[in-house]
$ cat protein-v9.cif   # mmCIF, C-alpha atoms
data_input
#
loop_
_atom_site.label_atom_id
_atom_site.label_comp_id
_atom_site.auth_asym_id
_atom_site.auth_seq_id
_atom_site.Cartn_x
_atom_site.Cartn_y
_atom_site.Cartn_z
CA MET A 961 12.30 6.38 -87.25
CA ILE A 962 9.91 5.11 -89.87
CA ALA A 963 6.70 6.03 -91.70
CA ASP A 964 4.25 4.78 -94.28
CA THR A 965 4.63 1.05 -93.74
CA HIS A 966 1.03 0.54 -94.91
CA GLY A 967 0.68 -2.85 -93.23
CA TYR A 968 4.04 -4.26 -94.32
CA LEU A 969 7.19 -4.59 -92.22
CA ASP A 970 9.96 -4.93 -94.76
CA PRO A 971 12.45 -7.63 -93.64
CA ARG A 972 15.28 -5.13 -94.23
CA VAL A 973 13.96 -2.86 -91.45
CA PRO A 974 14.68 -4.86 -88.25
CA PRO A 975 18.42 -5.29 -88.97
CA ALA A 976 18.65 -1.52 -89.58
CA LEU A 977 17.41 -0.97 -86.00
CA GLU A 978 20.51 -2.44 -84.39
CA GLY A 979 21.51 -0.17 -81.51
CA VAL A 980 18.33 1.94 -81.66
CA ASP A 981 16.81 2.84 -78.26
CA LEU A 982 13.42 4.14 -79.44
CA MET A 983 11.45 3.82 -82.68
CA LEU A 984 9.22 6.65 -83.86
CA HIS A 985 6.53 5.80 -86.44
CA ALA A 986 5.00 8.78 -88.28
CA GLY A 987 1.76 7.08 -89.27
CA ASP A 988 0.12 5.06 -91.99
CA ILE A 989 1.13 2.01 -90.01
CA GLY A 990 -1.53 -0.14 -91.63
CA ALA A 991 -1.58 -3.12 -89.26
CA GLU A 992 -0.98 -3.96 -85.62
CA ASP A 993 1.51 -6.60 -86.76
CA VAL A 994 3.83 -3.83 -87.95
CA LEU A 995 3.85 -2.19 -84.52
CA ALA A 996 4.28 -5.57 -82.84
CA GLY A 997 7.18 -6.45 -85.13
CA LEU A 998 8.92 -3.17 -84.41
CA ALA A 999 8.16 -3.37 -80.68
CA SER A 1000 9.77 -6.81 -80.53
CA LYS A 1001 13.08 -5.06 -81.31
CA VAL A 1002 12.71 -1.66 -79.62
CA PRO A 1003 10.07 0.46 -77.82
CA VAL A 1004 7.77 2.26 -80.29
CA THR A 1005 6.03 5.63 -80.16
CA ALA A 1006 3.59 6.20 -83.02
CA VAL A 1007 1.08 8.69 -84.34
CA VAL A 1008 -2.03 7.87 -86.34
CA GLY A 1009 -1.92 8.23 -90.11
CA ASN A 1010 -4.63 9.24 -92.54
CA ASN A 1011 -4.92 5.56 -93.62
CA ASP A 1012 -5.00 4.11 -90.10
CA GLY A 1013 -8.77 4.07 -89.56
CA GLN A 1014 -8.70 0.31 -88.89
CA LEU A 1015 -6.31 0.99 -85.98
CA ALA A 1016 -8.63 3.50 -84.26
CA HIS A 1017 -8.99 1.14 -81.29
CA LEU A 1018 -5.29 1.74 -80.49
CA GLY A 1019 -6.04 5.38 -79.68
CA LEU A 1020 -2.89 6.70 -81.35
CA PRO A 1021 -2.47 10.47 -81.04
CA LEU A 1022 -2.11 12.96 -83.89
CA ARG A 1023 1.02 14.46 -82.35
CA VAL A 1024 3.61 13.41 -79.79
CA ASP A 1025 6.21 15.61 -78.09
CA LEU A 1026 9.24 13.84 -76.66
CA ASP A 1027 12.21 15.02 -74.69
CA VAL A 1028 15.31 12.96 -75.46
CA GLU A 1029 18.41 14.01 -73.54
CA GLY A 1030 17.22 17.60 -73.44
CA VAL A 1031 16.21 17.74 -77.11
CA ARG A 1032 12.52 18.40 -77.79
CA ILE A 1033 11.19 16.27 -80.67
CA ARG A 1034 7.74 16.61 -82.24
CA LEU A 1035 6.36 13.58 -84.10
CA VAL A 1036 3.45 14.19 -86.49
CA ARG A 1037 1.96 12.60 -89.55
CA ARG A 1038 1.83 15.59 -91.89
CA LEU A 1039 4.13 18.57 -92.07
CA ILE A 1040 1.14 20.92 -92.05
CA ASP A 1041 0.29 19.64 -88.53
CA ALA A 1042 3.78 20.22 -87.09
CA ALA A 1043 3.13 23.62 -85.39
CA PRO A 1044 6.39 23.42 -83.46
CA GLY A 1045 6.77 25.08 -80.09
CA THR A 1046 9.59 27.50 -79.35
CA ASP A 1047 11.48 24.71 -77.59
CA THR A 1048 11.07 22.18 -80.45
CA ARG A 1049 14.39 21.26 -82.08
CA VAL A 1050 13.41 18.31 -84.29
CA ILE A 1051 10.25 17.78 -86.37
CA VAL A 1052 9.68 14.19 -87.53
CA TYR A 1053 6.95 13.53 -90.10
CA GLY A 1054 5.87 11.35 -93.02
CA HIS A 1055 2.90 11.32 -95.40
CA SER A 1056 4.54 12.54 -98.62
CA HIS A 1057 6.75 9.46 -99.18
CA LYS A 1058 9.60 11.89 -99.95
CA ALA A 1059 12.58 11.45 -97.63
CA LEU A 1060 14.29 14.64 -96.49
CA VAL A 1061 16.62 15.92 -93.79
CA ALA A 1062 16.87 19.72 -93.68
CA GLU A 1063 17.85 22.39 -91.20
CA ARG A 1064 15.82 25.59 -91.18
CA GLU A 1065 14.51 28.02 -88.61
CA ASP A 1066 16.91 26.58 -86.00
CA MET A 1067 15.20 23.20 -86.30
CA LEU A 1068 15.91 19.88 -87.92
CA TRP A 1069 13.09 18.71 -90.21
CA VAL A 1070 13.04 14.98 -90.98
CA ASN A 1071 10.62 13.44 -93.47
CA LEU A 1072 11.03 9.69 -93.17
CA GLY A 1073 10.00 8.85 -96.72
CA ALA A 1074 8.24 5.48 -96.86
CA ALA A 1075 9.05 1.94 -95.82
CA GLY A 1076 6.03 0.04 -97.17
CA ARG A 1077 5.02 -1.52 -100.47
CA VAL A 1078 2.21 0.92 -101.25
CA GLY A 1079 2.79 4.36 -102.78
CA PHE A 1080 4.83 6.04 -105.44
CA HIS A 1081 8.20 5.86 -103.69
CA ARG A 1082 10.85 3.70 -105.32
CA GLU A 1083 13.25 3.37 -102.38
CA VAL A 1084 12.48 2.02 -98.90
CA THR A 1085 13.72 4.56 -96.38
CA LEU A 1086 13.87 5.21 -92.69
CA ALA A 1087 15.97 7.61 -90.64
CA LEU A 1088 18.23 7.44 -87.64
CA LEU A 1089 18.32 10.32 -85.18
CA ARG A 1090 21.33 10.47 -82.91
CA VAL A 1091 20.90 12.55 -79.76
CA GLU A 1092 23.76 13.01 -77.34
CA ASN A 1093 24.53 15.75 -74.81
CA GLY A 1094 21.88 18.06 -76.26
CA ARG A 1095 23.20 17.67 -79.80
CA TYR A 1096 21.31 15.91 -82.55
CA LYS A 1097 21.86 14.70 -86.08
CA ALA A 1098 19.63 12.75 -88.48
CA GLU A 1099 20.61 10.56 -91.38
CA LEU A 1100 18.46 8.85 -93.95
CA VAL A 1101 18.89 5.11 -94.35
CA LEU A 1102 18.22 3.75 -97.83
CA LEU A 1103 17.27 0.08 -97.69
CA GLY A 1104 16.91 -0.58 -101.40
CA PRO A 1105 14.13 -0.77 -103.96
CA ARG A 1106 10.52 -1.00 -102.81
CA VAL A 1107 8.97 -4.45 -102.96
CA LEU A 1108 5.75 -4.12 -104.92
CA ALA A 1109 2.52 -5.35 -103.41
CA ALA A 1110 1.10 -8.37 -105.21
CA ARG A 1111 -1.89 -7.64 -107.42
CA PRO A 1112 -4.91 -9.93 -107.31
CA ARG A 1113 -4.67 -12.41 -110.21
CA ALA A 1114 -8.00 -11.40 -111.77
CA MET A 1115 -6.92 -7.77 -111.94
CA ALA A 1116 -3.53 -8.66 -113.42
CA ALA A 1117 -5.17 -10.90 -116.04
CA SER A 1118 -7.71 -8.24 -117.06
CA ARG A 1119 -4.94 -5.67 -117.44
CA ALA A 1120 -3.01 -8.05 -119.68
CA VAL A 1121 -6.06 -8.53 -121.92
CA THR A 1122 -6.75 -4.81 -122.01
CA GLN A 1123 -3.17 -4.09 -123.00
CA ARG A 1124 -3.35 -6.44 -125.99
CA VAL A 1125 -6.29 -4.56 -127.56
CA PRO A 1126 -4.97 -1.60 -129.58
CA PRO A 1127 -6.48 1.78 -128.69
CA GLY A 1128 -9.63 2.49 -130.73
CA ALA A 1129 -9.96 -1.14 -131.84
CA ALA A 1130 -13.25 -2.93 -131.25
CA ARG A 1131 -13.17 -5.96 -128.99
CA ALA A 1132 -14.82 -9.14 -130.16
CA ASP A 1133 -16.73 -10.42 -127.11
#

$ encode --input "protein-v9.cif" --output "structure tokens"
Amino acid sequence: MIADTHGYLDPRVPPALEGVDLMLHAGDIGAEDVLAGLASKVPVTAVVGNNDGQLAHLGLPLRVDLDVEGVRIRLVRRLIDAAPGTDTRVIVYGHSHKALVAEREDMLWVNLGAAGRVGFHREVTLALLRVENGRYKAELVLLGPRVLAARPRAMAASRAVTQRVPPGAARAD
């Protein structure tokens, strides 16, 4: 399970999918190439993220309910949209970039963190959910430090110039 790729499929992700039967993406996909890259390894079910306007033509839903070996799973973008049913056992979500696995209210809550280059997260994360004989368990997978998105050269150069001018000093233009 993955979230917040923001148009970037980290090369550390596909090897982490070894043995996975289904990939859930909790939104902010960012590009069709990400879904295609994931789908080349495993079937993908995804929900739309708040930054996925350019993917509107894919018609991704806001929420998906799945039944995996008798375990009801709800996939959403934001925790506030979870609204689990009485039969829901696992809530999978993203949005906050803060990975978490917690049990409460007889449910397993899994925030996938973030796997892209954009955001304030420092670690690239995803999660594995094991479902067998009606039992389920999630574990976070830490893939290492986030790879920063490249800044446009002009922006990087202007920041360097700005940083050299002491605060309150007049610039000679």

$ closest_residue --input "protein-v9.cif" --among "A:His1017, A:His1055, A:Arg1077, A:Lys1097" --to "Tyr968 in chain A" --atoms "all atoms listed in the file"
A:Arg1077

$ atom_distance --input "protein-v9.cif" --atom1 "CA of Val1091 in chain A" --atom2 "CA of Arg1106 in chain A"
28.7 Å

$ closest_residue --input "protein-v9.cif" --among "A:Asp964, A:Asp993, A:Asp1025, A:Glu1099" --to "Arg1038 in chain A" --atoms "all atoms listed in the file"
A:Asp964

$ residues_around --input "protein-v9.cif" --residues "Leu1068 in chain A" --least-positions-apart "4" --cutoff "7 Å" --atoms "all atoms listed in the file" --output "PyMOL selection string"
chain A and resi 1049-1051+1062-1064

$ write_last_selection --input "protein-v9.cif" --atoms "C-alpha atoms" --output "PDB file, in the frame of the given file"
ATOM      1  CA  ARG A1049      14.390  21.260 -82.080  1.00  0.00           C
ATOM      2  CA  VAL A1050      13.410  18.310 -84.290  1.00  0.00           C
ATOM      3  CA  ILE A1051      10.250  17.780 -86.370  1.00  0.00           C
ATOM      4  CA  ALA A1062      16.870  19.720 -93.680  1.00  0.00           C
ATOM      5  CA  GLU A1063      17.850  22.390 -91.200  1.00  0.00           C
ATOM      6  CA  ARG A1064      15.820  25.590 -91.180  1.00  0.00           C
TER       7      ARG A1064
END

$ resolve_selection --input "protein-v9.cif" --expression "the PyMOL selection byres ((chain A and resi 982) around 8)" --output "PyMOL selection string"
chain A and resi 980-981+983-984+1002-1005

$ write_last_selection --input "protein-v9.cif" --atoms "C-alpha atoms" --output "PDB file, keeping the file's coordinate frame"
ATOM      1  CA  VAL A 980      18.330   1.940 -81.660  1.00  0.00           C
ATOM      2  CA  ASP A 981      16.810   2.840 -78.260  1.00  0.00           C
ATOM      3  CA  MET A 983      11.450   3.820 -82.680  1.00  0.00           C
ATOM      4  CA  LEU A 984       9.220   6.650 -83.860  1.00  0.00           C
ATOM      5  CA  VAL A1002      12.710  -1.660 -79.620  1.00  0.00           C
ATOM      6  CA  PRO A1003      10.070   0.460 -77.820  1.00  0.00           C
ATOM      7  CA  VAL A1004       7.770   2.260 -80.290  1.00  0.00           C
ATOM      8  CA  THR A1005       6.030   5.630 -80.160  1.00  0.00           C
TER       9      THR A1005
END

$ residues_around --input "protein-v9.cif" --residues "Gly997 in chain A" --least-positions-apart "5" --cutoff "9 Å" --atoms "only C-alpha atoms" --output "list of chain:residue names"
A:Leu969, A:Pro974, A:Glu992

$ residues_around --input "protein-v9.cif" --residues "Gly1073 in chain A" --least-positions-apart "6" --cutoff "10 Å" --atoms "only C-alpha atoms" --output "PDB file with C-alpha atoms, keeping the file's coordinate frame"
ATOM      1  CA  ILE A 962       9.910   5.110 -89.870  1.00  0.00           C
ATOM      2  CA  ALA A 963       6.700   6.030 -91.700  1.00  0.00           C
ATOM      3  CA  ASP A 964       4.250   4.780 -94.280  1.00  0.00           C
ATOM      4  CA  THR A 965       4.630   1.050 -93.740  1.00  0.00           C
ATOM      5  CA  ALA A 986       5.000   8.780 -88.280  1.00  0.00           C
ATOM      6  CA  TYR A1053       6.950  13.530 -90.100  1.00  0.00           C
ATOM      7  CA  GLY A1054       5.870  11.350 -93.020  1.00  0.00           C
ATOM      8  CA  HIS A1055       2.900  11.320 -95.400  1.00  0.00           C
ATOM      9  CA  SER A1056       4.540  12.540 -98.620  1.00  0.00           C
ATOM     10  CA  HIS A1057       6.750   9.460 -99.180  1.00  0.00           C
ATOM     11  CA  LYS A1058       9.600  11.890 -99.950  1.00  0.00           C
ATOM     12  CA  ALA A1059      12.580  11.450 -97.630  1.00  0.00           C
ATOM     13  CA  LEU A1060      14.290  14.640 -96.490  1.00  0.00           C
ATOM     14  CA  HIS A1081       8.200   5.860-103.690  1.00  0.00           C
ATOM     15  CA  GLU A1083      13.250   3.370-102.380  1.00  0.00           C
ATOM     16  CA  VAL A1084      12.480   2.020 -98.900  1.00  0.00           C
ATOM     17  CA  THR A1085      13.720   4.560 -96.380  1.00  0.00           C
ATOM     18  CA  LEU A1086      13.870   5.210 -92.690  1.00  0.00           C
ATOM     19  CA  ALA A1087      15.970   7.610 -90.640  1.00  0.00           C
ATOM     20  CA  LEU A1100      18.460   8.850 -93.950  1.00  0.00           C
ATOM     21  CA  VAL A1101      18.890   5.110 -94.350  1.00  0.00           C
ATOM     22  CA  LEU A1102      18.220   3.750 -97.830  1.00  0.00           C
TER      23      LEU A1102
END

$ atom_distance --input "protein-v9.cif" --atom1 "CA of Val1031 in chain A" --atom2 "CA of Gly1094 in chain A"
5.7 Å

$ closest_residue --input "protein-v9.cif" --among "A:Val994, A:Val1007, A:Leu1103, A:Glu1029" --to "Ala1074 in chain A" --atoms "all atoms listed in the file"
A:Leu1103

$ resolve_selection --input "protein-v9.cif" --expression "the PyMOL selection byres ((chain A and resi 1070) around 6)" --output "number ranges by chain"
A: 1052, 1060-1061, 1069, 1071

$ write_last_selection --input "protein-v9.cif" --atoms "C-alpha atoms" --output "PDB file, keeping the file's coordinate frame"
ATOM      1  CA  VAL A1052       9.680  14.190 -87.530  1.00  0.00           C
ATOM      2  CA  LEU A1060      14.290  14.640 -96.490  1.00  0.00           C
ATOM      3  CA  VAL A1061      16.620  15.920 -93.790  1.00  0.00           C
ATOM      4  CA  TRP A1069      13.090  18.710 -90.210  1.00  0.00           C
ATOM      5  CA  ASN A1071      10.620  13.440 -93.470  1.00  0.00           C
TER       6      ASN A1071
END

$ closest_residue --input "protein-v9.cif" --among "A:Asp988, A:Asp1066, A:Asp1047, A:Asp1027" --to "Ala1006 in chain A" --atoms "all atoms listed in the file"
A:Asp988

$ atom_distance --input "protein-v9.cif" --atom1 "CA of Ala999 in chain A" --atom2 "CA of Arg1023 in chain A"
19.3 Å

$ closest_residue --input "protein-v9.cif" --among "A:Leu1089, A:Arg972, A:Gly967, A:Val1078" --to "Ala996 in chain A" --atoms "all atoms listed in the file"
A:Gly967

$ closest_residue --input "protein-v9.cif" --among "A:Gly1030, A:Gly990, A:Pro971, A:Gly979" --to "Glu1092 in chain A" --atoms "only C-alpha atoms"
A:Gly1030

$ residues_near_point --input "protein-v9.cif" --point "(-6.8, 13.0, -81.9)" --cutoff "12 Å" --atoms "all atoms listed in the file" --output "ChimeraX atom specification"
/A:1007-1010,1013,1016,1018-1024,1036-1037,1041

$ build_atoms --input "protein-v9.cif" --residues "range 1014-1025 of chain A" --atoms "all heavy atoms" --output "tab-separated table (two decimals), keeping the file's coordinate frame"
chain	number	residue	atom	x	y	z
A	1014	GLN	N	-8.49	1.63	-89.46
A	1014	GLN	CA	-8.70	0.31	-88.89
A	1014	GLN	C	-7.95	0.14	-87.57
A	1014	GLN	O	-8.18	-0.82	-86.85
A	1014	GLN	CB	-8.31	-0.79	-89.89
A	1014	GLN	CG	-6.82	-0.96	-90.12
A	1014	GLN	CD	-6.20	0.01	-91.11
A	1014	GLN	OE1	-6.77	1.05	-91.42
A	1014	GLN	NE2	-5.03	-0.31	-91.60
A	1015	LEU	N	-7.06	1.07	-87.23
A	1015	LEU	CA	-6.31	0.99	-85.98
A	1015	LEU	C	-6.85	1.98	-84.93
A	1015	LEU	O	-6.19	2.25	-83.93
A	1015	LEU	CB	-4.83	1.27	-86.23
A	1015	LEU	CG	-4.11	0.32	-87.18
A	1015	LEU	CD1	-2.67	0.74	-87.38
A	1015	LEU	CD2	-4.18	-1.11	-86.68
A	1016	ALA	N	-8.05	2.49	-85.17
A	1016	ALA	CA	-8.63	3.50	-84.26
A	1016	ALA	C	-8.69	3.00	-82.82
A	1016	ALA	O	-8.53	3.78	-81.88
A	1016	ALA	CB	-10.02	3.90	-84.74
A	1017	HIS	N	-8.89	1.71	-82.64
A	1017	HIS	CA	-8.99	1.14	-81.29
A	1017	HIS	C	-7.67	1.27	-80.50
A	1017	HIS	O	-7.66	1.13	-79.29
A	1017	HIS	CB	-9.42	-0.33	-81.36
A	1017	HIS	CG	-8.43	-1.21	-82.05
A	1017	HIS	ND1	-8.30	-1.25	-83.43
A	1017	HIS	CD2	-7.51	-2.07	-81.56
A	1017	HIS	CE1	-7.34	-2.10	-83.76
A	1017	HIS	NE2	-6.85	-2.61	-82.65
A	1018	LEU	N	-6.56	1.56	-81.18
A	1018	LEU	CA	-5.29	1.74	-80.49
A	1018	LEU	C	-5.18	3.12	-79.85
A	1018	LEU	O	-4.32	3.35	-79.01
A	1018	LEU	CB	-4.12	1.52	-81.45
A	1018	LEU	CG	-3.98	0.13	-82.04
A	1018	LEU	CD1	-2.79	0.08	-83.00
A	1018	LEU	CD2	-3.82	-0.92	-80.95
A	1019	GLY	N	-6.04	4.04	-80.27
A	1019	GLY	CA	-6.04	5.38	-79.68
A	1019	GLY	C	-4.75	6.16	-79.91
A	1019	GLY	O	-4.34	6.94	-79.05
A	1020	LEU	N	-4.14	5.98	-81.06
A	1020	LEU	CA	-2.89	6.70	-81.35
A	1020	LEU	C	-3.16	8.19	-81.49
A	1020	LEU	O	-4.15	8.60	-82.09
A	1020	LEU	CB	-2.26	6.16	-82.63
A	1020	LEU	CG	-1.81	4.70	-82.60
A	1020	LEU	CD1	-1.37	4.25	-83.99
A	1020	LEU	CD2	-0.68	4.52	-81.59
A	1021	PRO	N	-2.27	9.02	-80.96
A	1021	PRO	CA	-2.47	10.47	-81.04
A	1021	PRO	C	-2.10	11.02	-82.42
A	1021	PRO	O	-1.46	10.35	-83.23
A	1021	PRO	CB	-1.50	10.99	-79.98
A	1021	PRO	CG	-0.39	9.98	-79.96
A	1021	PRO	CD	-1.07	8.65	-80.21
A	1022	LEU	N	-2.48	12.27	-82.65
A	1022	LEU	CA	-2.11	12.96	-83.89
A	1022	LEU	C	-0.71	13.57	-83.81
A	1022	LEU	O	-0.07	13.80	-84.81
A	1022	LEU	CB	-3.10	14.10	-84.17
A	1022	LEU	CG	-4.53	13.66	-84.46
A	1022	LEU	CD1	-5.45	14.88	-84.55
A	1022	LEU	CD2	-4.58	12.85	-85.73
A	1023	ARG	N	-0.27	13.82	-82.57
A	1023	ARG	CA	1.02	14.46	-82.35
A	1023	ARG	C	1.60	13.96	-81.03
A	1023	ARG	O	0.87	13.75	-80.08
A	1023	ARG	CB	0.83	15.97	-82.33
A	1023	ARG	CG	2.08	16.73	-82.01
A	1023	ARG	CD	1.88	18.22	-82.11
A	1023	ARG	NE	0.97	18.69	-81.08
A	1023	ARG	CZ	0.18	19.76	-81.22
A	1023	ARG	NH1	0.17	20.42	-82.36
A	1023	ARG	NH2	-0.59	20.14	-80.25
A	1024	VAL	N	2.92	13.80	-81.01
A	1024	VAL	CA	3.61	13.41	-79.79
A	1024	VAL	C	4.83	14.32	-79.63
A	1024	VAL	O	5.58	14.53	-80.59
A	1024	VAL	CB	4.09	11.94	-79.84
A	1024	VAL	CG1	4.96	11.61	-78.64
A	1024	VAL	CG2	2.91	10.98	-79.91
A	1025	ASP	N	5.01	14.85	-78.42
A	1025	ASP	CA	6.21	15.61	-78.09
A	1025	ASP	C	7.05	14.76	-77.14
A	1025	ASP	O	6.54	14.24	-76.15
A	1025	ASP	CB	5.86	16.93	-77.42
A	1025	ASP	CG	5.26	17.92	-78.39
A	1025	ASP	OD1	5.83	18.08	-79.49
A	1025	ASP	OD2	4.22	18.52	-78.07
